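One structure below.
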Number of protein chains: 2
Amino acid sequence: MKRVYMDHAAATPVPKQVIDAMLPYFDEHFGNPSTVYDMGTKVKQVIDEQRAKVAKLIGAKAEEIVFTSSGAEANNLAVKGAALANRKKGNHIIISAIEHHSVLNSARFLERQDFEVTFLQVDEHGLVDPERLAHAIRPETILVSIMHANNEIGTIEPIPELSAICREKEVIFHTDAVATVGNLPVDINELNVDLLSLSGPSLGAPKGIGALYFKRNLRLMPLLHGGIQESGRRAGTENVPAIVGLGTAAELAAEQLTHKVEKVQGLRSRLVQGVQDRNTRAIPSKGFLVMQVFVSKP
Amino acid sequence: MKRVYMDHAAATPVPKQVIDAMLPYFDEHFGNPSTVYDMGTKVKQVIDEQRAKVAKLIGAKAEEIVFTSSGAEANNLAVKGAALANRKKGNHIIISAIEHHSVLNSARFLERQDFEVTFLQVDEHGLVDPERLAHAIRPETILVSIMHANNEIGTIEPIPELSAICREKEVIFHTDAVATVGNLPVDINELNVDLLSLSGPSLGAPKGIGALYFKRNLRLMPLLHGGIQESGRRAGTENVPAIVGLGTAAELAAEQLTHKVEKVQGLRSRLVQGVQDRNTRAIPSKGFLVMQVFVSKP
């Protein structure tokens, strides 16, 4: 039986080039980047080079990237970190009803911390209506979190429209771009967002690494307290090999993006056509992902 | 110049055997363990095998181990997770004044959440006095966190004595054993603790992986909300290669522990003797680590 793997939104194999880049950081260059001698400081420099590569992929500056252990952690840091650090300004946040569990359950955690959460319903295509968002914003709203593309149905949300509404009302805007970074062109300036989460495995880096873009000067409460790694935004010894994996994958993704988008769109059209030709139920295709044969849980 | 590396408490090279065990999980067995098809379920099984290996090293059961992204995260989850989940019973916690920053700053975070924290002073050898601990415990004390061995001065704390006091008064006891697991025999039953943190890099696993032992039925609030990975105690796709690295390293550590302890003790004695023979200032050596030539910050 020929196996066709169609769950790249849940996991991807790491390319050889990325593995090769990581390998020396397990045993040869194994220094702790927080130490003051050359074995550590050299590794610290390598981390900052990777930070610049990840920043470049999404049009950000290196100092606006914090490495996390996953896209889920980036979402937790964005939603809980921004809400808890800015609660003096208000206690209301808004998310869409189809956010990833890491955003959804972070919001539910905030409800238990006396925040109020509005869950915006979406239309039959999974789209958030900008007008509905505008109406939901109150004087005490401090944060809105709407995903860039849904990882199960593929809908791409109208982020620039949604973020413009928030910018005008001085509400922090976060987007979970785990499904898109590395798969579609993503630029924080075009999206006009304050916070953007991405995940390593979505772009060819290994599991165990993600990143959060945050606009400079944005107040963010750390999730992990301890040392002053990541400019005090995330404690714990840096996962150097995985960070090198993410930097390398980000560079490759930038080079291959145009080709990849064309290839995946071609595959999508072929799949839709094939299914329709066989007279089975048509698949809605508002987004860039047509379907997932196996839906990952949770 | 011959380089002598003396900062294994800050970082260690990953042995070839551990790297080799991890490699297939980057590209060959890359499935997401939360999926329901065989590529995922097989990997899920591998994770549970590693969990059993880590548990065995410290005398625990597999289901009492939660994987984290670092020792620092394990400390955050233990201190903040246990305090926040049990605050109905009281709002007072006790830590020693020489805890790692990840425990210290987790406690300071709790102070800002209306907890009271007692910082127990230590004697000139860095030792916590059990009597002083007994006096510090109040009716509203819910958690005590004292490290197993200090990562900078090497002092080994009298954990069984300290934990017995807490057990009697029904106070949760956590120990940060990042400096000892893999370097000294550590058994959760002998130490008689409810929570114990360990770090991958301390025992030959790569950076980016750690674990927390928790006694069954202990209430713990997750740090990372989202999916139901790690029995709902930590959301985010499991870092499969690093988990395999930790399991393999734990197995190796168990085999090599007796030899390693003897070897390090020999090196310590030789170093102390050498320094004393040269008439420089003697080094206190209450613990198993004599000194670190370079002190890591933070």
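Following the order of the structure tokens, chains are lettered A, B, ..., residues in each are numbered from 1, and ligands are numbered from 1.
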Residues of chain A within 7 Å of chain B, counting only C-alpha atoms - could you list those as a VMD selection string? chain A and resid 10 to 14 26 to 27 30 to 32 34 to 36 69 to 70 72 to 73 76 101 to 103 105 to 106 206 to 208 224 to 228 235 to 236 239 to 240 296 to 298
Can you pull out every residue within 9 Å of region 247-257 of chain B, counting only C-alpha atoms, but drop anything in the same chain fewer than 6 positions away, and send it as number ranges by chain? B: 14-15, 17-18, 21-22, 47, 49-57, 181-185, 200, 203-205
Selection: 9 Å around region 166-171 of chain B, only C-alpha atoms, excl. self and same-chain fewer than 3 positions, as a PyMOL selection string: chain B and resi 133-134+137+139+141-144+162-163+192-193
As a PyMOL selection string, list the residues of region 101-292 of chain A assigned to helix (DSSP H, G or I) by DSSP on the backbone atoms of this structure. chain A and resi 101-112+130-136+159-168+188-191+200-203+230-232+240-277
Tell me which of B:Glu63, B:Asp38, B:Glu140, B:Asp114 sits closest to Glu230 (chain B), counting only C-alpha atoms. B:Glu63
Please compute the CA of Gly154 (chain A)-CA of His135 (chain A) distance, one decimal, in Å.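 If I compute the distance from CA of Gly154 (chain A) to CA of His135 (chain A), I get 25.5 Å.
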Using DSSP on the backbone, list every residue of region 66-294 of chain A that comes out as strand (DSSP E), and give them as an MDAnalysis selection string. chainID A and resid 66:68 92:96 116:120 141:145 172:176 195:199 210:214
Next, the residues of the selection above should be written as a tab-separated table (two decimals), in the first residue's frame with N, CA and C atoms.
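Saved result, again20.tsv, follows:
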chain	number	residue	atom	x	y	z
A	66	VAL	N	11.10	36.19	20.95
A	66	VAL	CA	11.46	35.39	22.12
A	66	VAL	C	11.23	33.92	21.76
A	67	PHE	N	12.25	33.11	22.01
A	67	PHE	CA	12.12	31.67	21.73
A	67	PHE	C	11.34	31.00	22.84
A	68	THR	N	10.47	30.07	22.46
A	68	THR	CA	9.68	29.30	23.43
A	68	THR	C	9.86	27.81	23.12
A	92	HIS	N	-11.05	42.71	30.16
A	92	HIS	CA	-11.86	42.05	29.13
A	92	HIS	C	-10.99	41.66	27.94
A	93	ILE	N	-11.11	40.42	27.49
A	93	ILE	CA	-10.40	40.00	26.29
A	93	ILE	C	-11.38	39.34	25.32
A	94	ILE	N	-10.97	39.32	24.05
A	94	ILE	CA	-11.83	38.75	22.99
A	94	ILE	C	-11.01	37.74	22.20
A	95	ILE	N	-11.58	36.55	22.00
A	95	ILE	CA	-10.94	35.58	21.10
A	95	ILE	C	-12.02	35.03	20.18
A	96	SER	N	-11.61	34.40	19.08
A	96	SER	CA	-12.61	33.77	18.23
A	96	SER	C	-12.98	32.42	18.83
A	116	GLU	N	-12.99	38.79	32.00
A	116	GLU	CA	-14.17	38.43	31.21
A	116	GLU	C	-13.71	38.13	29.79
A	117	VAL	N	-14.24	37.08	29.20
A	117	VAL	CA	-13.82	36.69	27.86
A	117	VAL	C	-15.02	36.65	26.93
A	118	THR	N	-14.91	37.30	25.77
A	118	THR	CA	-15.93	37.18	24.72
A	118	THR	C	-15.40	36.21	23.66
A	119	PHE	N	-16.21	35.19	23.35
A	119	PHE	CA	-15.84	34.23	22.31
A	119	PHE	C	-16.62	34.59	21.04
A	120	LEU	N	-15.94	35.16	20.05
A	120	LEU	CA	-16.61	35.61	18.82
A	120	LEU	C	-16.98	34.43	17.95
A	141	THR	N	-11.63	46.49	27.29
A	141	THR	CA	-10.99	45.44	26.49
A	141	THR	C	-9.49	45.75	26.35
A	142	ILE	N	-8.65	44.76	26.69
A	142	ILE	CA	-7.20	45.01	26.59
A	142	ILE	C	-6.53	44.15	25.53
A	143	LEU	N	-7.17	43.05	25.13
A	143	LEU	CA	-6.50	42.10	24.23
A	143	LEU	C	-7.51	41.41	23.33
A	144	VAL	N	-7.13	41.27	22.05
A	144	VAL	CA	-7.90	40.46	21.08
A	144	VAL	C	-6.95	39.43	20.49
A	145	SER	N	-7.39	38.18	20.42
A	145	SER	CA	-6.56	37.13	19.83
A	145	SER	C	-7.36	36.37	18.78
A	172	ILE	N	-4.49	45.61	22.38
A	172	ILE	CA	-3.40	44.75	21.91
A	172	ILE	C	-3.97	43.65	21.01
A	173	PHE	N	-3.31	43.40	19.87
A	173	PHE	CA	-3.79	42.36	18.95
A	173	PHE	C	-2.77	41.25	18.80
A	174	HIS	N	-3.20	40.02	19.09
A	174	HIS	CA	-2.35	38.83	18.92
A	174	HIS	C	-2.93	37.93	17.84
A	175	THR	N	-2.02	37.35	17.02
A	175	THR	CA	-2.48	36.33	16.09
A	175	THR	C	-1.63	35.07	16.23
A	176	ASP	N	-2.31	33.94	16.27
A	176	ASP	CA	-1.66	32.63	16.29
A	176	ASP	C	-1.40	32.26	14.83
A	195	LEU	N	1.49	40.99	18.59
A	195	LEU	CA	2.02	39.69	19.01
A	195	LEU	C	1.68	38.66	17.94
A	196	LEU	N	2.65	37.78	17.65
A	196	LEU	CA	2.41	36.72	16.66
A	196	LEU	C	3.15	35.46	17.10
A	197	SER	N	2.42	34.35	17.18
A	197	SER	CA	3.02	33.07	17.59
A	197	SER	C	3.37	32.24	16.37
A	198	LEU	N	4.51	31.57	16.44
A	198	LEU	CA	4.86	30.61	15.39
A	198	LEU	C	5.45	29.36	16.03
A	199	SER	N	5.44	28.27	15.25
A	199	SER	CA	5.88	26.98	15.77
A	199	SER	C	6.96	26.40	14.87
A	210	GLY	N	9.50	26.97	19.42
A	210	GLY	CA	8.55	27.91	18.84
A	210	GLY	C	9.08	29.31	19.11
A	211	ALA	N	8.32	30.31	18.74
A	211	ALA	CA	8.76	31.68	19.01
A	211	ALA	C	7.56	32.59	19.07
A	212	LEU	N	7.74	33.69	19.79
A	212	LEU	CA	6.72	34.73	19.85
A	212	LEU	C	7.33	36.04	19.38
A	213	TYR	N	6.69	36.68	18.41
A	213	TYR	CA	7.03	38.04	18.05
A	213	TYR	C	6.26	38.97	18.98
A	214	PHE	N	6.94	39.97	19.56
A	214	PHE	CA	6.23	40.96	20.37
A	214	PHE	C	6.74	42.35	19.98
Polymer residues at most 10 Å from Glu190 (chain B), only C-alpha atoms, same-chain spacing of 2 or more positions, as a list in words: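 The residues that qualify are Ile58, Gly59, Ile159, Pro160, Val186, Asp187, Ile188, Asn192 and Val193 of chain B.
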